[in-house]
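Source file: coords23.csv; contents: CSV, C-alpha atoms.
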chain,number,residue,atom,x,y,z
A,1,MET,CA,26.3,7.0,19.8
A,2,PHE,CA,27.4,3.8,18.0
A,3,PRO,CA,31.2,3.1,17.8
A,4,GLN,CA,32.2,3.8,14.2
A,5,LYS,CA,32.8,0.3,12.7
A,6,VAL,CA,31.4,-2.3,10.4
A,7,TYR,CA,28.5,-4.5,11.7
A,8,LYS,CA,27.4,-7.7,10.1
A,9,VAL,CA,23.8,-9.1,10.3
A,10,THR,CA,24.6,-12.6,9.1
A,11,GLU,CA,21.2,-14.3,9.9
A,12,GLY,CA,18.0,-13.6,11.7
A,13,ASN,CA,16.6,-10.3,12.7
A,14,LEU,CA,18.5,-7.5,14.3
A,15,VAL,CA,15.7,-5.5,15.9
A,16,ILE,CA,15.8,-2.1,17.5
A,17,ASN,CA,12.6,-1.1,19.4
A,18,LEU,CA,12.1,2.6,20.0
A,19,VAL,CA,9.4,3.2,22.6
A,20,GLY,CA,8.4,6.4,24.3
A,21,SER,CA,11.7,8.3,23.9
A,22,SER,CA,11.6,12.1,23.8
A,23,GLY,CA,14.1,13.7,21.5
A,24,ALA,CA,16.6,10.9,21.9
A,25,ASP,CA,19.0,10.4,19.0
A,26,ILE,CA,20.5,7.4,17.3
A,27,ASP,CA,23.8,8.5,15.8
A,28,PHE,CA,25.3,5.5,14.0
A,29,ASN,CA,28.5,7.5,13.7
A,30,ASN,CA,29.0,6.7,10.0
A,31,SER,CA,29.0,3.0,10.6
A,32,THR,CA,28.3,0.5,7.9
A,33,PHE,CA,25.9,-2.5,8.2
A,34,TYR,CA,26.2,-5.6,6.0
A,35,ILE,CA,22.9,-7.6,5.8
A,36,GLY,CA,23.2,-11.2,4.7
A,37,ILE,CA,20.8,-13.2,2.6
A,38,THR,CA,19.1,-14.6,5.7
A,39,GLY,CA,19.3,-11.5,7.8
A,40,ASN,CA,17.3,-8.3,8.4
A,41,PHE,CA,17.9,-5.0,10.0
A,42,LEU,CA,14.6,-3.8,11.5
A,43,ILE,CA,13.5,-0.8,13.6
A,44,ARG,CA,10.0,-0.6,15.2
A,45,MET,CA,9.1,2.8,16.5
A,46,ILE,CA,6.2,4.2,18.5
A,47,SER,CA,8.3,7.0,19.9
A,48,GLY,CA,9.1,10.5,19.0
A,49,GLY,CA,10.6,13.8,20.0
A,50,GLU,CA,9.2,17.2,20.8
A,51,SER,CA,8.5,20.0,18.3
A,52,SER,CA,11.6,21.8,19.6
A,53,ASN,CA,13.7,18.6,20.0
A,54,TYR,CA,13.2,16.0,17.2
A,55,GLU,CA,14.3,12.4,17.7
A,56,THR,CA,17.1,11.9,15.1
A,57,ILE,CA,18.3,8.8,13.4
A,58,LYS,CA,21.4,9.5,11.3
A,59,ASN,CA,24.8,8.7,9.8
A,60,ALA,CA,24.8,5.1,8.5
A,61,SER,CA,25.1,3.0,5.4
A,62,PHE,CA,23.3,-0.3,4.9
A,63,TYR,CA,24.3,-2.9,2.3
A,64,GLY,CA,21.5,-5.4,1.9
A,65,SER,CA,21.1,-8.6,-0.1
A,66,ALA,CA,17.5,-8.3,-1.2
A,67,SER,CA,18.2,-8.9,-4.9
A,68,ASN,CA,19.7,-12.4,-4.2
A,69,THR,CA,17.4,-13.9,-1.7
A,70,GLU,CA,13.7,-14.6,-1.0
A,71,GLU,CA,11.3,-11.7,-0.5
A,72,GLY,CA,11.4,-10.2,3.0
A,73,LYS,CA,15.0,-11.2,3.6
A,74,GLY,CA,18.3,-9.3,3.3
A,75,ARG,CA,16.7,-6.0,3.9
A,76,PHE,CA,16.3,-2.9,6.0
A,77,GLY,CA,12.9,-2.0,7.3
A,78,LEU,CA,11.5,0.6,9.7
A,79,ASN,CA,7.9,0.5,10.8
A,80,ALA,CA,6.6,3.6,12.6
A,81,LEU,CA,3.2,3.6,14.4
A,82,LYS,CA,1.8,7.0,15.5
A,83,ALA,CA,5.3,8.3,16.0
A,84,HIS,CA,6.0,12.0,15.8
A,85,ASN,CA,8.8,14.6,15.4
A,86,VAL,CA,11.5,12.4,13.9
A,87,HIS,CA,14.4,13.4,11.6
A,88,PHE,CA,16.2,10.9,9.4
A,89,GLU,CA,19.4,12.2,7.8
A,90,HIS,CA,22.6,11.1,6.1
A,91,LEU,CA,21.5,7.5,5.5
A,92,SER,CA,22.5,5.3,2.5
A,93,PHE,CA,20.8,2.1,1.4
A,94,TYR,CA,22.3,-0.3,-1.3
A,95,ASP,CA,20.1,-3.3,-2.3
A,96,ALA,CA,18.4,-3.0,1.0
A,97,GLN,CA,14.7,-2.9,0.0
A,98,SER,CA,12.9,-6.2,-0.7
A,99,MET,CA,10.3,-6.2,-3.4
A,100,GLY,CA,6.8,-6.0,-1.8
A,101,TYR,CA,8.3,-4.3,1.3
A,102,HIS,CA,9.2,-0.7,2.3
A,103,LEU,CA,12.3,0.9,3.7
A,104,PHE,CA,10.1,3.2,5.8
A,105,ASP,CA,6.5,2.2,6.5
A,106,LEU,CA,4.7,5.1,8.2
A,107,ALA,CA,1.4,4.5,9.9
A,108,ALA,CA,-0.4,7.6,11.2
A,109,VAL,CA,2.9,9.4,12.0
A,110,ASP,CA,3.3,13.2,12.2
A,111,ASN,CA,6.2,15.5,11.5
A,112,PHE,CA,8.8,13.2,9.8
A,113,ILE,CA,11.7,14.7,7.9
A,114,PHE,CA,13.9,12.7,5.5
A,115,ASN,CA,17.0,14.6,4.5
A,116,ASP,CA,20.0,13.3,2.5
A,117,LEU,CA,19.0,9.8,1.8
A,118,GLU,CA,20.8,7.8,-0.9
A,119,VAL,CA,18.6,4.8,-1.9
A,120,ARG,CA,20.1,2.6,-4.6
A,121,GLY,CA,18.7,-0.5,-6.2
A,122,PHE,CA,15.4,-2.4,-6.3
A,123,GLY,CA,14.3,-5.7,-7.8
A,124,LYS,CA,15.6,-9.2,-8.1
A,125,ALA,CA,18.8,-10.0,-9.8
A,126,GLY,CA,18.2,-10.5,-13.5
A,127,LEU,CA,14.6,-9.1,-13.4
A,128,SER,CA,13.6,-9.0,-17.1
A,129,SER,CA,11.0,-7.0,-18.9
A,130,LEU,CA,8.9,-10.1,-19.1
A,131,ASP,CA,9.3,-10.8,-15.3
A,132,ARG,CA,8.1,-7.2,-14.6
A,133,ASP,CA,5.1,-7.6,-16.8
A,134,ARG,CA,4.2,-10.9,-15.1
A,135,LEU,CA,4.5,-9.3,-11.7
A,136,TYR,CA,2.4,-6.3,-12.8
A,137,LYS,CA,-0.4,-8.7,-13.7
A,138,SER,CA,-0.1,-11.1,-10.8
A,139,ASN,CA,1.3,-9.1,-7.9
A,140,PRO,CA,1.7,-5.4,-8.8
A,141,HIS,CA,2.5,-4.4,-5.2
A,142,ALA,CA,5.8,-6.2,-5.6
A,143,LEU,CA,6.6,-3.5,-8.2
A,144,TYR,CA,5.1,-0.3,-6.8
A,145,SER,CA,6.0,-0.9,-3.1
A,146,GLU,CA,7.3,2.5,-2.1
A,147,ALA,CA,10.7,3.1,-0.4
A,148,ILE,CA,8.7,5.5,1.9
A,149,GLN,CA,5.1,4.5,2.4
A,150,VAL,CA,2.8,7.1,3.8
A,151,ASP,CA,-0.1,5.3,5.4
A,152,SER,CA,-2.8,5.2,8.1
A,153,ALA,CA,-2.8,2.9,11.1
A,154,TYR,CA,-5.1,-0.1,10.7
A,155,GLU,CA,-5.0,-3.8,11.2
A,156,GLY,CA,-2.6,-5.2,8.7
A,157,CYS,CA,-1.1,-1.9,7.7
A,158,PHE,CA,2.4,-3.4,8.0
A,159,GLY,CA,1.5,-6.5,6.0
A,160,THR,CA,2.4,-9.9,7.4
A,161,TYR,CA,5.6,-8.7,8.9
A,162,GLY,CA,5.7,-5.8,11.2
A,163,PHE,CA,4.4,-5.3,14.7
A,164,SER,CA,2.4,-8.5,14.6
A,165,ASP,CA,5.1,-11.1,15.4
A,166,SER,CA,5.7,-12.4,18.9
A,167,THR,CA,9.0,-10.6,19.3
A,168,ASN,CA,7.2,-7.4,19.4
A,169,ILE,CA,4.7,-8.1,22.2
A,170,ILE,CA,6.3,-5.1,24.0
A,171,PHE,CA,4.1,-2.9,21.8
A,172,ASN,CA,1.0,-4.5,23.2
A,173,LYS,CA,1.1,-6.5,26.4
A,174,GLU,CA,-2.6,-7.4,26.1
A,175,LYS,CA,-2.3,-9.4,22.9
A,176,LYS,CA,-0.2,-10.0,19.9
A,177,GLY,CA,-0.7,-7.8,17.0
A,178,LEU,CA,-1.0,-4.0,16.6
A,179,PRO,CA,-1.6,-1.9,19.7
A,180,LYS,CA,-5.2,-1.1,20.4
A,181,ASN,CA,-4.8,2.4,19.1
A,182,ALA,CA,-4.4,1.1,15.6
A,183,ASP,CA,-7.8,1.3,14.0
A,184,SER,CA,-9.5,1.7,10.7
A,185,LYS,CA,-10.5,5.3,11.4
A,186,SER,CA,-6.9,6.5,12.0
A,187,LYS,CA,-5.7,9.5,10.2
A,188,ILE,CA,-3.1,9.1,7.5
A,189,SER,CA,0.5,10.1,8.2
A,190,THR,CA,1.1,13.8,7.6
A,191,ASN,CA,3.6,16.6,7.6
A,192,ILE,CA,6.2,14.5,5.8
A,193,THR,CA,9.2,16.1,4.2
A,194,LEU,CA,11.6,14.4,1.7
A,195,LYS,CA,14.5,16.6,0.6
A,196,ASN,CA,18.0,16.5,-0.8
A,197,SER,CA,17.8,12.8,-1.6
A,198,TYR,CA,18.6,10.4,-4.4
A,199,PHE,CA,16.7,7.2,-5.6
A,200,GLY,CA,18.4,5.3,-8.4
A,201,PRO,CA,19.9,2.0,-9.6
A,202,TYR,CA,22.7,0.0,-8.0
A,203,THR,CA,25.5,-2.0,-9.4
A,204,GLY,CA,27.9,-3.3,-6.7
A,205,VAL,CA,28.6,-5.9,-4.1
A,206,ILE,CA,25.7,-7.0,-1.9
A,207,GLY,CA,25.8,-7.3,1.8
A,208,GLN,CA,26.4,-11.1,1.7
A,209,GLY,CA,29.4,-10.4,-0.5
A,210,LYS,CA,30.7,-7.9,1.9
A,211,ILE,CA,30.3,-10.4,4.7
A,212,ASP,CA,32.0,-13.2,2.8
A,213,ASN,CA,34.6,-11.0,1.2
A,214,GLU,CA,33.4,-12.2,-2.2
A,215,ARG,CA,32.2,-10.3,-5.2
A,216,TYR,CA,28.5,-11.3,-5.1
A,217,MET,CA,27.1,-8.6,-7.2
A,218,ALA,CA,23.8,-6.8,-7.6
A,219,ARG,CA,23.0,-5.4,-11.0
A,220,GLN,CA,19.8,-3.5,-10.3
A,221,TYR,CA,18.9,-1.2,-13.1
A,222,PHE,CA,15.9,0.3,-11.3
A,223,SER,CA,15.0,2.2,-8.2
A,224,ALA,CA,11.8,1.7,-6.2
A,225,THR,CA,9.0,4.1,-6.3
A,226,ALA,CA,10.3,6.7,-3.8
A,227,ILE,CA,7.4,8.0,-1.8
A,228,GLY,CA,3.6,7.7,-1.8
A,229,SER,CA,0.6,5.8,-0.6
A,230,HIS,CA,-1.7,3.1,-2.1
A,231,SER,CA,-3.9,2.5,0.9
A,232,GLY,CA,-5.3,4.3,3.9
A,233,THR,CA,-7.7,7.2,3.9
A,234,GLY,CA,-7.2,11.0,3.7
A,235,THR,CA,-4.6,13.2,2.1
A,236,PRO,CA,-1.3,13.8,3.8
A,237,LYS,CA,0.6,17.0,3.9
A,238,VAL,CA,3.8,16.3,2.1
A,239,THR,CA,6.8,18.4,1.0
A,240,ILE,CA,9.1,16.9,-1.7
A,241,MET,CA,11.9,19.1,-2.9
A,242,ASP,CA,15.5,19.0,-4.3
A,243,ASN,CA,15.5,15.2,-4.9
A,244,THR,CA,16.6,13.1,-7.9
A,245,PHE,CA,14.5,10.1,-9.1
A,246,GLU,CA,16.3,7.9,-11.6
A,247,ASN,CA,15.1,4.7,-13.5
A,248,THR,CA,12.0,4.0,-11.4
A,249,ILE,CA,10.9,0.5,-11.9
A,250,TYR,CA,8.1,0.0,-14.5
A,251,SER,CA,6.1,-2.5,-16.6
A,252,GLU,CA,5.9,-2.2,-20.4
A,253,LEU,CA,2.2,-2.9,-20.0
A,254,THR,CA,1.4,0.7,-18.7
A,255,THR,CA,2.6,4.2,-18.8
A,256,THR,CA,-0.5,5.6,-17.0
A,257,ASP,CA,-0.6,3.6,-13.7
A,258,SER,CA,0.6,6.3,-11.3
A,259,ARG,CA,1.4,3.7,-8.7
A,260,LEU,CA,4.6,3.2,-10.7
A,261,TYR,CA,5.5,6.8,-10.6
A,262,PRO,CA,8.3,7.9,-8.2
A,263,ILE,CA,5.8,10.1,-6.4
A,264,HIS,CA,2.2,8.9,-6.1
A,265,PHE,CA,-0.6,9.3,-3.6
A,266,ARG,CA,-3.9,7.5,-3.4
A,267,ASN,CA,-6.0,10.6,-2.6
A,268,PRO,CA,-3.9,13.5,-3.9
A,269,LYS,CA,-4.8,17.2,-3.4
A,270,LEU,CA,-2.6,19.8,-5.0
A,271,ASP,CA,-2.8,22.1,-2.0
A,272,PHE,CA,-1.6,19.3,0.4
A,273,ILE,CA,1.3,18.0,-1.6
A,274,TYR,CA,4.1,20.4,-2.5
A,275,GLN,CA,7.0,19.5,-4.7
A,276,SER,CA,9.8,21.7,-6.0
A,277,LYS,CA,13.1,21.4,-7.8
A,278,ASN,CA,12.9,17.6,-8.2
A,279,ASN,CA,14.9,16.0,-11.0
A,280,PHE,CA,13.3,13.0,-12.9
A,281,ILE,CA,15.8,11.0,-15.0
A,282,ASN,CA,14.9,8.2,-17.5
A,283,GLN,CA,11.3,7.7,-16.3
A,284,HIS,CA,8.9,5.4,-18.2
A,285,GLY,CA,5.6,7.0,-17.1
A,286,ASN,CA,3.8,10.1,-18.4
A,287,SER,CA,6.4,12.8,-18.1
A,288,LYS,CA,3.8,15.5,-18.0
A,289,LYS,CA,2.4,14.0,-14.8
A,290,MET,CA,5.6,12.6,-13.3
A,291,ASP,CA,6.1,15.6,-11.1
A,292,ILE,CA,2.5,15.7,-9.9
A,293,PHE,CA,1.5,12.2,-8.8

Spell out the structure here as structure tokens.
Amino acid sequence: MFPQKVYKVTEGNLVINLVGSSGADIDFNNSTFYIGITGNFLIRMISGGESSNYETIKNASFYGSASNTEEGKGRFGLNALKAHNVHFEHLSFYDAQSMGYHLFDLAAVDNFIFNDLEVRGFGKAGLSSLDRDRLYKSNPHALYSEAIQVDSAYEGCFGTYGFSDSTNIIFNKEKKGLPKNADSKSKISTNITLKNSYFGPYTGVIGQGKIDNERYMARQYFSATAIGSHSGTGTPKVTIMDNTFENTIYSELTTTDSRLYPIHFRNPKLDFIYQSKNNFINQHGNSKKMDIF
């Protein structure tokens, strides 16, 4: 258990590597983490618990600076590769997701539960309607990058920043890059549950402001798309219930591109994806399809 206190990630990457644990918990003990404009808080996981003893990560708040720095900085990010039986609960994120990146990037994982997440804020400071439209035409992934991406394990599944850098050679002593068990035929992540969580806008002090004791503000009027997939093969089994999705980011150029819906999957099957009692507030997309995909 972490001592309950405030931690500051002022620069560079704070990296937690979770390898081979069995039901071990990380209880942050209601600690708060301030992530500066040149810092990142990163977790890399190829571990997991047992079906009767989940690995649990819980009880923390993260204040990022993603709205006021270059993409890929000032953020929280967890990459999980073929991990299993993990429970995330009582976690809050404020301006902690960088555009084009994910809070949780899941590659071929199994039995992941997300309970009581509070995810507030997405997008650069001052991101206008014209800016969003330009991004939609030139780099749509920057807009639709999910807070929780449900993916397969294949070369490049974590983009340019994940397990592939030299600091993570622990994951594959043979060579840099993804472990050998990451392959193009990998199954997609499955048995994912998201419940009792909120995704919405954020107006408040960013992590760098907390570090400097200054009122550096984020005025983010949007949330990220909450959960889904835009790559990989197969259909995951997913349960999404008792959540609120507010002001999901959008482009004026479309109301029918489901990648910009708070819930979206590349290969949806109704009998695989169950959703119930979700609340959709101020959404731009097709409201009749918003609670499907």

Among the residues A:Thr248, A:Asn59, A:Ser223, A:Ser47, the one that comes closest to Val86 of chain A [using only C-alpha atoms] = A:Ser47

Could you check how far atom CA of Asn196 of chain A sits from atom CA of Asp27 of chain A, in Å to one decimal?
-> 19.3 Å

Using all atoms listed in the file, the best pick from A:Ile46, A:Ile249, A:Val238, A:Leu135 as closest to Gln220 of chain A would be A:Ile249

Leaving out Leu260 of chain A and any residue of its chain fewer than 2 positions from it, which residues lie within 9 Å of it when counting only C-alpha atoms, given as a PDB file with C-alpha atoms, in the frame of the given file?
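Output (result_6.pdb):
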ATOM      1  CA  LEU A 143       6.600  -3.500  -8.200  1.00  0.00           C
ATOM      2  CA  TYR A 144       5.100  -0.300  -6.800  1.00  0.00           C
ATOM      3  CA  SER A 145       6.000  -0.900  -3.100  1.00  0.00           C
ATOM      4  CA  ALA A 224      11.800   1.700  -6.200  1.00  0.00           C
ATOM      5  CA  THR A 225       9.000   4.100  -6.300  1.00  0.00           C
ATOM      6  CA  THR A 248      12.000   4.000 -11.400  1.00  0.00           C
ATOM      7  CA  ILE A 249      10.900   0.500 -11.900  1.00  0.00           C
ATOM      8  CA  TYR A 250       8.100   0.000 -14.500  1.00  0.00           C
ATOM      9  CA  SER A 251       6.100  -2.500 -16.600  1.00  0.00           C
ATOM     10  CA  THR A 254       1.400   0.700 -18.700  1.00  0.00           C
ATOM     11  CA  THR A 255       2.600   4.200 -18.800  1.00  0.00           C
ATOM     12  CA  THR A 256      -0.500   5.600 -17.000  1.00  0.00           C
ATOM     13  CA  ASP A 257      -0.600   3.600 -13.700  1.00  0.00           C
ATOM     14  CA  SER A 258       0.600   6.300 -11.300  1.00  0.00           C
ATOM     15  CA  PRO A 262       8.300   7.900  -8.200  1.00  0.00           C
ATOM     16  CA  ILE A 263       5.800  10.100  -6.400  1.00  0.00           C
ATOM     17  CA  HIS A 264       2.200   8.900  -6.100  1.00  0.00           C
ATOM     18  CA  HIS A 284       8.900   5.400 -18.200  1.00  0.00           C
ATOM     19  CA  GLY A 285       5.600   7.000 -17.100  1.00  0.00           C
TER      20      GLY A 285
END

Provide the atom CA of Ala66 of chain A to atom CA of Ala125 of chain A distance in Å, to one decimal place.
-> 8.9 Å

Selection: 12 Å around Phe33 of chain A, only C-alpha atoms, excl. self and same-chain fewer than 2 positions, as a PyMOL selection string = chain A and resi 2+4-10+14+28-31+35-36+39-42+59-65+74-76+91-94+96+206-208+210-211

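Coordinates place atom CA of Gly100 of chain A at a distance of 20.0 Å from atom CA of Ser189 of chain A.
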
Restricting the calculation to all atoms listed in the file, which member of A:Ala24, A:Val15, A:Ile281, A:Val150 is positioned closest to Gly77 of chain A?
-> A:Val15

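Nearest-residue note for His84 of chain A: choosing from A:Asp105, A:Ala147, A:Gly121, A:Met45, the minimum distance belongs to A:Met45, counting all atoms listed in the file.
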
All residues 8 Å or closer to His230 of chain A, only C-alpha atoms, same chain fewer than 5 positions away omitted, as number ranges by chain = A: 151, 259, 265-266

So which residues touch Ser197 of chain A within 8 Å, counting only C-alpha atoms, skipping near sequence neighbours fewer than 3 positions away, as a PyMOL selection string?
-> chain A and resi 115-118+194+242-244

Store the residues of this selection in a file with C-alpha atoms, as a PDB file, keeping the file's coordinate frame.
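Okay, this is what ended up in again08.pdb:
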ATOM      1  CA  ASN A 115      17.000  14.600   4.500  1.00  0.00           C
ATOM      2  CA  ASP A 116      20.000  13.300   2.500  1.00  0.00           C
ATOM      3  CA  LEU A 117      19.000   9.800   1.800  1.00  0.00           C
ATOM      4  CA  GLU A 118      20.800   7.800  -0.900  1.00  0.00           C
ATOM      5  CA  LEU A 194      11.600  14.400   1.700  1.00  0.00           C
ATOM      6  CA  ASP A 242      15.500  19.000  -4.300  1.00  0.00           C
ATOM      7  CA  ASN A 243      15.500  15.200  -4.900  1.00  0.00           C
ATOM      8  CA  THR A 244      16.600  13.100  -7.900  1.00  0.00           C
TER       9      THR A 244
END
